[in-house]
Amino acid sequence: ILIKTSKLPTIDIILWGGIWPLLIMLSVVYPVMYAFPGADHGHMHDPMSSVAMFSNSLEVSTLFLGACFTGGAITVSLTYATAFLSAMWRMLLEAGGTFLVWLFGLVVHYLVDSGSELGEAWSTWSYLELLGFLLVLLGQFIYGGFLQLPCGRTASRAGAGDPSDLEAAKVTTAEPSSQNSRREEGRLEEAAELERGARGGDQASS
């Protein structure tokens with residue numbers, strides 16, 4: 001919505017989308033978790049424990065920086081996909097990423113190391129996961145107008161379910177009508193001036 005309707009720059013949306021959660025975590029979530037009692041040095045969460053782990057473990061620091069980098073890259077890619085395409089394509093990309101992670105786990109388990117913690121075995125519930133993924137894809141294609149159900153109505157165009165596209169259509173259809181009304185007002189003013197001129201000529205001749 002911010003990209004399509006408010007016309008905000010994509011990079012601004014990415015920056016504010018990261019700054020606001022960070023401020024909320026530092027000013028609200030962390031103080032609340034520190035105030036509540038728990039097993040982390042008497043607190044529910046002690047931020048100094050995290051600082052100690054980062055300073056004493058290169059592996060933890062590397063994993064943290066890698067998670068920040070990959071998460072930022074994914075956010076930037078999805079935001080630009082929304083800006084240049086639509087929100088529907090963003091949802092498809094997110095669903096495709098989930099599927100690739102699941103496929104990676106299956107490949108690791110069956111082709112690399114069956115005892116690896118990164119692997120995932122195919123189970124009875126895997127059929128349900130596959131069905132859920134297919135339903136997500138089906139819903140997105142129907143929402144975008146790429147597929148038509150026999151009992152459903154035909155979308156006017158692909159991506160018609162995107163609210164930003166609807167707003168753009170409203171603006172597009174509103175512009176010609178406003179131009180026509182302005183032309184009509186100009187014609188009425190010209191006719192009124194001609195009529196006043198004609199009356200003035202009649203009075204002068206009489």
# chains A, B, ... in the order shown; residues from 1 in each chain; ligands from 1
call {"tool": "select_by_dssp", "arguments": {"residues": "stretch 104-159 of chain A", "states": "alpha helix (DSSP H)", "output": "JSON, numbers by chain"}}
result
{"A": [104, 105, 106, 107, 124, 125, 126, 127, 128, 129, 130, 131, 132, 133, 134, 135, 136, 137, 138, 139, 140, 141, 142, 143]}
call {"tool": "closest_residue", "arguments": {"among": "A:Ala87, A:Phe54, A:Ala95, A:Trp122", "to": "A:Val107", "atoms": "only C-alpha atoms"}}
result
A:Trp122
call {"tool": "residues_around", "arguments": {"residues": "stretch 131-136 of chain A", "least_positions_apart": "2", "cutoff": "12 Å", "atoms": "only C-alpha atoms", "output": "list in words"}}
result
Met88, Met91, Leu92, Leu93, Glu94, Ala95, Gly96, Gly97, Thr98, Phe99, Leu100, Trp102, Thr124, Trp125, Ser126, Tyr127, Leu128, Glu129, Leu138, Gly139, Gln140, Phe141, Ile142 and Tyr143 of chain A
call {"tool": "atom_distance", "arguments": {"atom1": "atom CA of A:Leu22", "atom2": "atom CA of A:Leu118"}}
result
29.3 Å
call {"tool": "residues_around", "arguments": {"residues": "A:Thr79", "least_positions_apart": "2", "cutoff": "9 Å", "atoms": "only C-alpha atoms", "output": "list in words"}}
result
Ile3, Thr10, Ile11, Ile13, Ile14, Ile74, Thr75, Val76, Ser77, Ala81, Thr82, Ala83, Phe84, Ala87 and Arg90 of chain A
call {"tool": "write_last_selection", "arguments": {"atoms": "N, CA and C atoms", "output": "mmCIF file, in the first residue's frame"}}
result
data_model
loop_
_atom_site.group_PDB
_atom_site.id
_atom_site.type_symbol
_atom_site.label_atom_id
_atom_site.label_comp_id
_atom_site.auth_asym_id
_atom_site.auth_seq_id
_atom_site.Cartn_x
_atom_site.Cartn_y
_atom_site.Cartn_z
ATOM 1 N N ILE A 3 3.886 1.536 -1.074
ATOM 2 C CA ILE A 3 4.636 1.643 -2.320
ATOM 3 C C ILE A 3 3.737 2.112 -3.454
ATOM 4 N N THR A 10 11.190 3.117 -2.437
ATOM 5 C CA THR A 10 11.340 1.755 -1.930
ATOM 6 C C THR A 10 12.387 1.673 -0.831
ATOM 7 N N ILE A 11 13.492 2.388 -0.999
ATOM 8 C CA ILE A 11 14.563 2.326 -0.005
ATOM 9 C C ILE A 11 14.106 2.912 1.322
ATOM 10 N N ILE A 13 11.021 2.763 2.539
ATOM 11 C CA ILE A 13 10.171 1.748 3.170
ATOM 12 C C ILE A 13 11.025 0.661 3.804
ATOM 13 N N ILE A 14 12.105 0.269 3.133
ATOM 14 C CA ILE A 14 12.988 -0.761 3.686
ATOM 15 C C ILE A 14 13.648 -0.265 4.973
ATOM 16 N N ILE A 74 16.724 -10.646 1.732
ATOM 17 C CA ILE A 74 15.382 -11.133 1.399
ATOM 18 C C ILE A 74 14.364 -10.000 1.469
ATOM 19 N N THR A 75 14.454 -9.165 2.509
ATOM 20 C CA THR A 75 13.519 -8.046 2.651
ATOM 21 C C THR A 75 13.642 -7.068 1.493
ATOM 22 N N VAL A 76 14.871 -6.739 1.114
ATOM 23 C CA VAL A 76 15.089 -5.818 -0.004
ATOM 24 C C VAL A 76 14.537 -6.409 -1.298
ATOM 25 N N SER A 77 14.804 -7.695 -1.538
ATOM 26 C CA SER A 77 14.338 -8.331 -2.768
ATOM 27 C C SER A 77 12.814 -8.361 -2.836
ATOM 28 N N ALA A 81 10.352 -6.418 -5.397
ATOM 29 C CA ALA A 81 9.398 -7.207 -6.179
ATOM 30 C C ALA A 81 7.998 -6.623 -6.065
ATOM 31 N N THR A 82 7.623 -6.165 -4.869
ATOM 32 C CA THR A 82 6.320 -5.521 -4.694
ATOM 33 C C THR A 82 6.254 -4.214 -5.457
ATOM 34 N N ALA A 83 7.350 -3.460 -5.469
ATOM 35 C CA ALA A 83 7.351 -2.155 -6.131
ATOM 36 C C ALA A 83 7.249 -2.289 -7.644
ATOM 37 N N PHE A 84 7.980 -3.235 -8.234
ATOM 38 C CA PHE A 84 8.020 -3.347 -9.686
ATOM 39 C C PHE A 84 6.959 -4.298 -10.233
ATOM 40 N N ALA A 87 1.954 -7.176 -5.038
ATOM 41 C CA ALA A 87 2.019 -7.926 -3.788
ATOM 42 C C ALA A 87 1.781 -9.412 -4.022
ATOM 43 N N ARG A 90 5.011 -11.039 -4.633
ATOM 44 C CA ARG A 90 5.765 -11.156 -3.385
ATOM 45 C C ARG A 90 5.335 -12.399 -2.621
#
call {"tool": "atom_distance", "arguments": {"atom1": "atom CA of A:Ser57", "atom2": "atom CA of A:Ala39"}}
result
21.4 Å
call {"tool": "residues_around", "arguments": {"residues": "A:Met44", "least_positions_apart": "3", "cutoff": "9 Å", "atoms": "only C-alpha atoms", "output": "short mmCIF file (atom, residue, chain, number, x, y, z; two decimals) with N, CA and C atoms, in the first residue's frame"}}
result
data_model
loop_
_atom_site.label_atom_id
_atom_site.label_comp_id
_atom_site.auth_asym_id
_atom_site.auth_seq_id
_atom_site.Cartn_x
_atom_site.Cartn_y
_atom_site.Cartn_z
N VAL A 32 10.80 -4.88 29.12
CA VAL A 32 9.76 -5.70 29.75
C VAL A 32 10.29 -7.08 30.09
N MET A 33 11.02 -7.70 29.16
CA MET A 33 11.58 -9.02 29.41
C MET A 33 12.64 -8.98 30.51
N TYR A 34 13.35 -7.87 30.62
CA TYR A 34 14.35 -7.75 31.68
C TYR A 34 13.69 -7.56 33.04
N ALA A 35 12.51 -6.92 33.07
CA ALA A 35 11.82 -6.66 34.34
C ALA A 35 11.16 -7.91 34.91
N PHE A 36 10.73 -8.83 34.03
CA PHE A 36 10.07 -10.03 34.51
C PHE A 36 11.12 -11.04 35.01
N PRO A 37 10.82 -11.74 36.10
CA PRO A 37 11.77 -12.74 36.61
C PRO A 37 11.85 -13.96 35.69
N GLY A 38 13.04 -14.57 35.69
CA GLY A 38 13.24 -15.74 34.86
C GLY A 38 14.53 -16.43 35.18
N ALA A 39 14.91 -17.38 34.30
CA ALA A 39 16.10 -18.20 34.53
C ALA A 39 17.37 -17.58 33.97
N ASP A 40 17.28 -16.46 33.28
CA ASP A 40 18.45 -15.83 32.68
C ASP A 40 19.00 -14.78 33.65
N HIS A 41 19.81 -15.23 34.61
CA HIS A 41 20.38 -14.36 35.65
C HIS A 41 19.29 -13.60 36.40
#
call {"tool": "decode", "arguments": {"residues": "stretch 36-157 of chain A", "atoms": "C-alpha atoms", "output": "mmCIF file, in the first residue's frame"}}
result
data_model
loop_
_atom_site.group_PDB
_atom_site.id
_atom_site.type_symbol
_atom_site.label_atom_id
_atom_site.label_comp_id
_atom_site.auth_asym_id
_atom_site.auth_seq_id
_atom_site.Cartn_x
_atom_site.Cartn_y
_atom_site.Cartn_z
ATOM 1 C CA PHE A 36 10.070 -10.034 34.515
ATOM 2 C CA PRO A 37 11.774 -12.742 36.607
ATOM 3 C CA GLY A 38 13.240 -15.742 34.857
ATOM 4 C CA ALA A 39 16.097 -18.196 34.530
ATOM 5 C CA ASP A 40 18.452 -15.829 32.678
ATOM 6 C CA HIS A 41 20.383 -14.364 35.648
ATOM 7 C CA GLY A 42 17.116 -13.669 37.434
ATOM 8 C CA HIS A 43 15.451 -12.146 34.363
ATOM 9 C CA MET A 44 13.295 -13.478 31.567
ATOM 10 C CA HIS A 45 15.982 -12.223 29.201
ATOM 11 C CA ASP A 46 19.272 -10.547 30.068
ATOM 12 C CA PRO A 47 20.724 -8.606 27.108
ATOM 13 C CA MET A 48 24.173 -8.758 28.682
ATOM 14 C CA SER A 49 24.124 -12.542 28.225
ATOM 15 C CA SER A 50 23.756 -12.015 24.502
ATOM 16 C CA VAL A 51 26.592 -9.494 24.508
ATOM 17 C CA ALA A 52 28.801 -12.011 26.344
ATOM 18 C CA MET A 53 27.993 -14.759 23.825
ATOM 19 C CA PHE A 54 28.810 -12.484 20.891
ATOM 20 C CA SER A 55 32.115 -11.395 22.397
ATOM 21 C CA ASN A 56 33.233 -14.899 23.439
ATOM 22 C CA SER A 57 32.089 -16.947 20.437
ATOM 23 C CA LEU A 58 33.130 -16.274 16.853
ATOM 24 C CA GLU A 59 30.610 -18.833 15.607
ATOM 25 C CA VAL A 60 27.678 -17.061 17.282
ATOM 26 C CA SER A 61 28.802 -13.682 15.944
ATOM 27 C CA THR A 62 29.197 -15.101 12.423
ATOM 28 C CA LEU A 63 25.770 -16.739 12.518
ATOM 29 C CA PHE A 64 24.188 -13.519 13.789
ATOM 30 C CA LEU A 65 25.778 -11.400 11.061
ATOM 31 C CA GLY A 66 24.868 -13.986 8.436
ATOM 32 C CA ALA A 67 21.254 -14.009 9.607
ATOM 33 C CA CYS A 68 21.135 -10.196 9.472
ATOM 34 C CA PHE A 69 22.628 -10.145 5.974
ATOM 35 C CA THR A 70 20.373 -12.850 4.518
ATOM 36 C CA GLY A 71 17.282 -11.409 6.207
ATOM 37 C CA GLY A 72 18.077 -7.956 4.885
ATOM 38 C CA ALA A 73 18.711 -9.285 1.381
ATOM 39 C CA ILE A 74 15.382 -11.133 1.399
ATOM 40 C CA THR A 75 13.519 -8.046 2.651
ATOM 41 C CA VAL A 76 15.089 -5.818 -0.004
ATOM 42 C CA SER A 77 14.338 -8.331 -2.768
ATOM 43 C CA LEU A 78 10.703 -8.803 -1.726
ATOM 44 C CA THR A 79 10.125 -5.069 -1.338
ATOM 45 C CA TYR A 80 11.485 -4.337 -4.801
ATOM 46 C CA ALA A 81 9.398 -7.207 -6.179
ATOM 47 C CA THR A 82 6.320 -5.521 -4.694
ATOM 48 C CA ALA A 83 7.351 -2.155 -6.131
ATOM 49 C CA PHE A 84 8.020 -3.347 -9.686
ATOM 50 C CA LEU A 85 5.456 -6.165 -9.866
ATOM 51 C CA SER A 86 2.713 -6.540 -7.243
ATOM 52 C CA ALA A 87 2.019 -7.926 -3.788
ATOM 53 C CA MET A 88 0.802 -11.163 -5.372
ATOM 54 C CA TRP A 89 4.250 -11.870 -6.797
ATOM 55 C CA ARG A 90 5.765 -11.156 -3.385
ATOM 56 C CA MET A 91 3.527 -13.823 -1.853
ATOM 57 C CA LEU A 92 4.510 -16.277 -4.572
ATOM 58 C CA LEU A 93 8.206 -15.627 -3.943
ATOM 59 C CA GLU A 94 7.762 -16.122 -0.195
ATOM 60 C CA ALA A 95 5.916 -19.391 -0.770
ATOM 61 C CA GLY A 96 8.628 -20.480 -3.198
ATOM 62 C CA GLY A 97 11.310 -19.764 -0.589
ATOM 63 C CA THR A 98 9.494 -21.925 1.957
ATOM 64 C CA PHE A 99 9.270 -24.726 -0.577
ATOM 65 C CA LEU A 100 12.999 -24.500 -1.363
ATOM 66 C CA VAL A 101 13.882 -24.738 2.335
ATOM 67 C CA TRP A 102 11.695 -27.824 2.671
ATOM 68 C CA LEU A 103 13.185 -29.342 -0.494
ATOM 69 C CA PHE A 104 16.695 -28.652 0.843
ATOM 70 C CA GLY A 105 15.890 -30.583 4.020
ATOM 71 C CA LEU A 106 14.646 -33.568 2.016
ATOM 72 C CA VAL A 107 17.725 -33.553 -0.220
ATOM 73 C CA VAL A 108 20.073 -33.419 2.766
ATOM 74 C CA HIS A 109 18.288 -36.281 4.503
ATOM 75 C CA TYR A 110 18.048 -38.648 1.534
ATOM 76 C CA LEU A 111 21.076 -37.727 -0.570
ATOM 77 C CA VAL A 112 23.693 -36.311 1.822
ATOM 78 C CA ASP A 113 23.397 -37.467 5.434
ATOM 79 C CA SER A 114 20.320 -39.097 6.927
ATOM 80 C CA GLY A 115 21.528 -38.263 10.436
ATOM 81 C CA SER A 116 22.087 -34.561 9.826
ATOM 82 C CA GLU A 117 20.026 -32.087 11.849
ATOM 83 C CA LEU A 118 19.544 -30.039 8.672
ATOM 84 C CA GLY A 119 17.713 -32.884 6.973
ATOM 85 C CA GLU A 120 14.015 -33.729 7.129
ATOM 86 C CA ALA A 121 12.496 -37.123 6.475
ATOM 87 C CA TRP A 122 9.313 -37.618 4.471
ATOM 88 C CA SER A 123 6.488 -38.524 6.818
ATOM 89 C CA THR A 124 2.727 -38.895 6.792
ATOM 90 C CA TRP A 125 2.382 -35.190 7.566
ATOM 91 C CA SER A 126 4.527 -34.295 4.561
ATOM 92 C CA TYR A 127 1.541 -34.931 2.302
ATOM 93 C CA LEU A 128 -0.367 -32.324 4.285
ATOM 94 C CA GLU A 129 2.524 -29.876 3.916
ATOM 95 C CA LEU A 130 2.585 -30.416 0.156
ATOM 96 C CA LEU A 131 -1.187 -29.969 -0.030
ATOM 97 C CA GLY A 132 -0.966 -26.720 1.950
ATOM 98 C CA PHE A 133 1.736 -25.385 -0.354
ATOM 99 C CA LEU A 134 -0.339 -26.231 -3.442
ATOM 100 C CA LEU A 135 -3.379 -24.521 -1.901
ATOM 101 C CA VAL A 136 -1.330 -21.375 -1.277
ATOM 102 C CA LEU A 137 -0.222 -21.321 -4.920
ATOM 103 C CA LEU A 138 -3.754 -21.983 -6.134
ATOM 104 C CA GLY A 139 -5.164 -19.174 -4.019
ATOM 105 C CA GLN A 140 -2.569 -16.695 -5.243
ATOM 106 C CA PHE A 141 -3.152 -17.581 -8.904
ATOM 107 C CA ILE A 142 -6.917 -17.255 -8.501
ATOM 108 C CA TYR A 143 -6.509 -13.971 -6.601
ATOM 109 C CA GLY A 144 -4.282 -12.598 -9.345
ATOM 110 C CA GLY A 145 -6.679 -13.599 -12.101
ATOM 111 C CA PHE A 146 -4.380 -16.166 -13.726
ATOM 112 C CA LEU A 147 -6.758 -19.049 -13.001
ATOM 113 C CA GLN A 148 -10.529 -19.160 -13.212
ATOM 114 C CA LEU A 149 -12.701 -21.555 -11.222
ATOM 115 C CA PRO A 150 -15.851 -22.904 -12.920
ATOM 116 C CA CYS A 151 -18.005 -21.439 -10.129
ATOM 117 C CA GLY A 152 -16.199 -18.113 -9.881
ATOM 118 C CA ARG A 153 -16.380 -14.803 -11.673
ATOM 119 C CA THR A 154 -13.838 -13.825 -14.290
ATOM 120 C CA ALA A 155 -11.362 -11.193 -13.177
ATOM 121 C CA SER A 156 -11.149 -8.112 -15.340
ATOM 122 C CA ARG A 157 -7.394 -8.503 -15.699
#
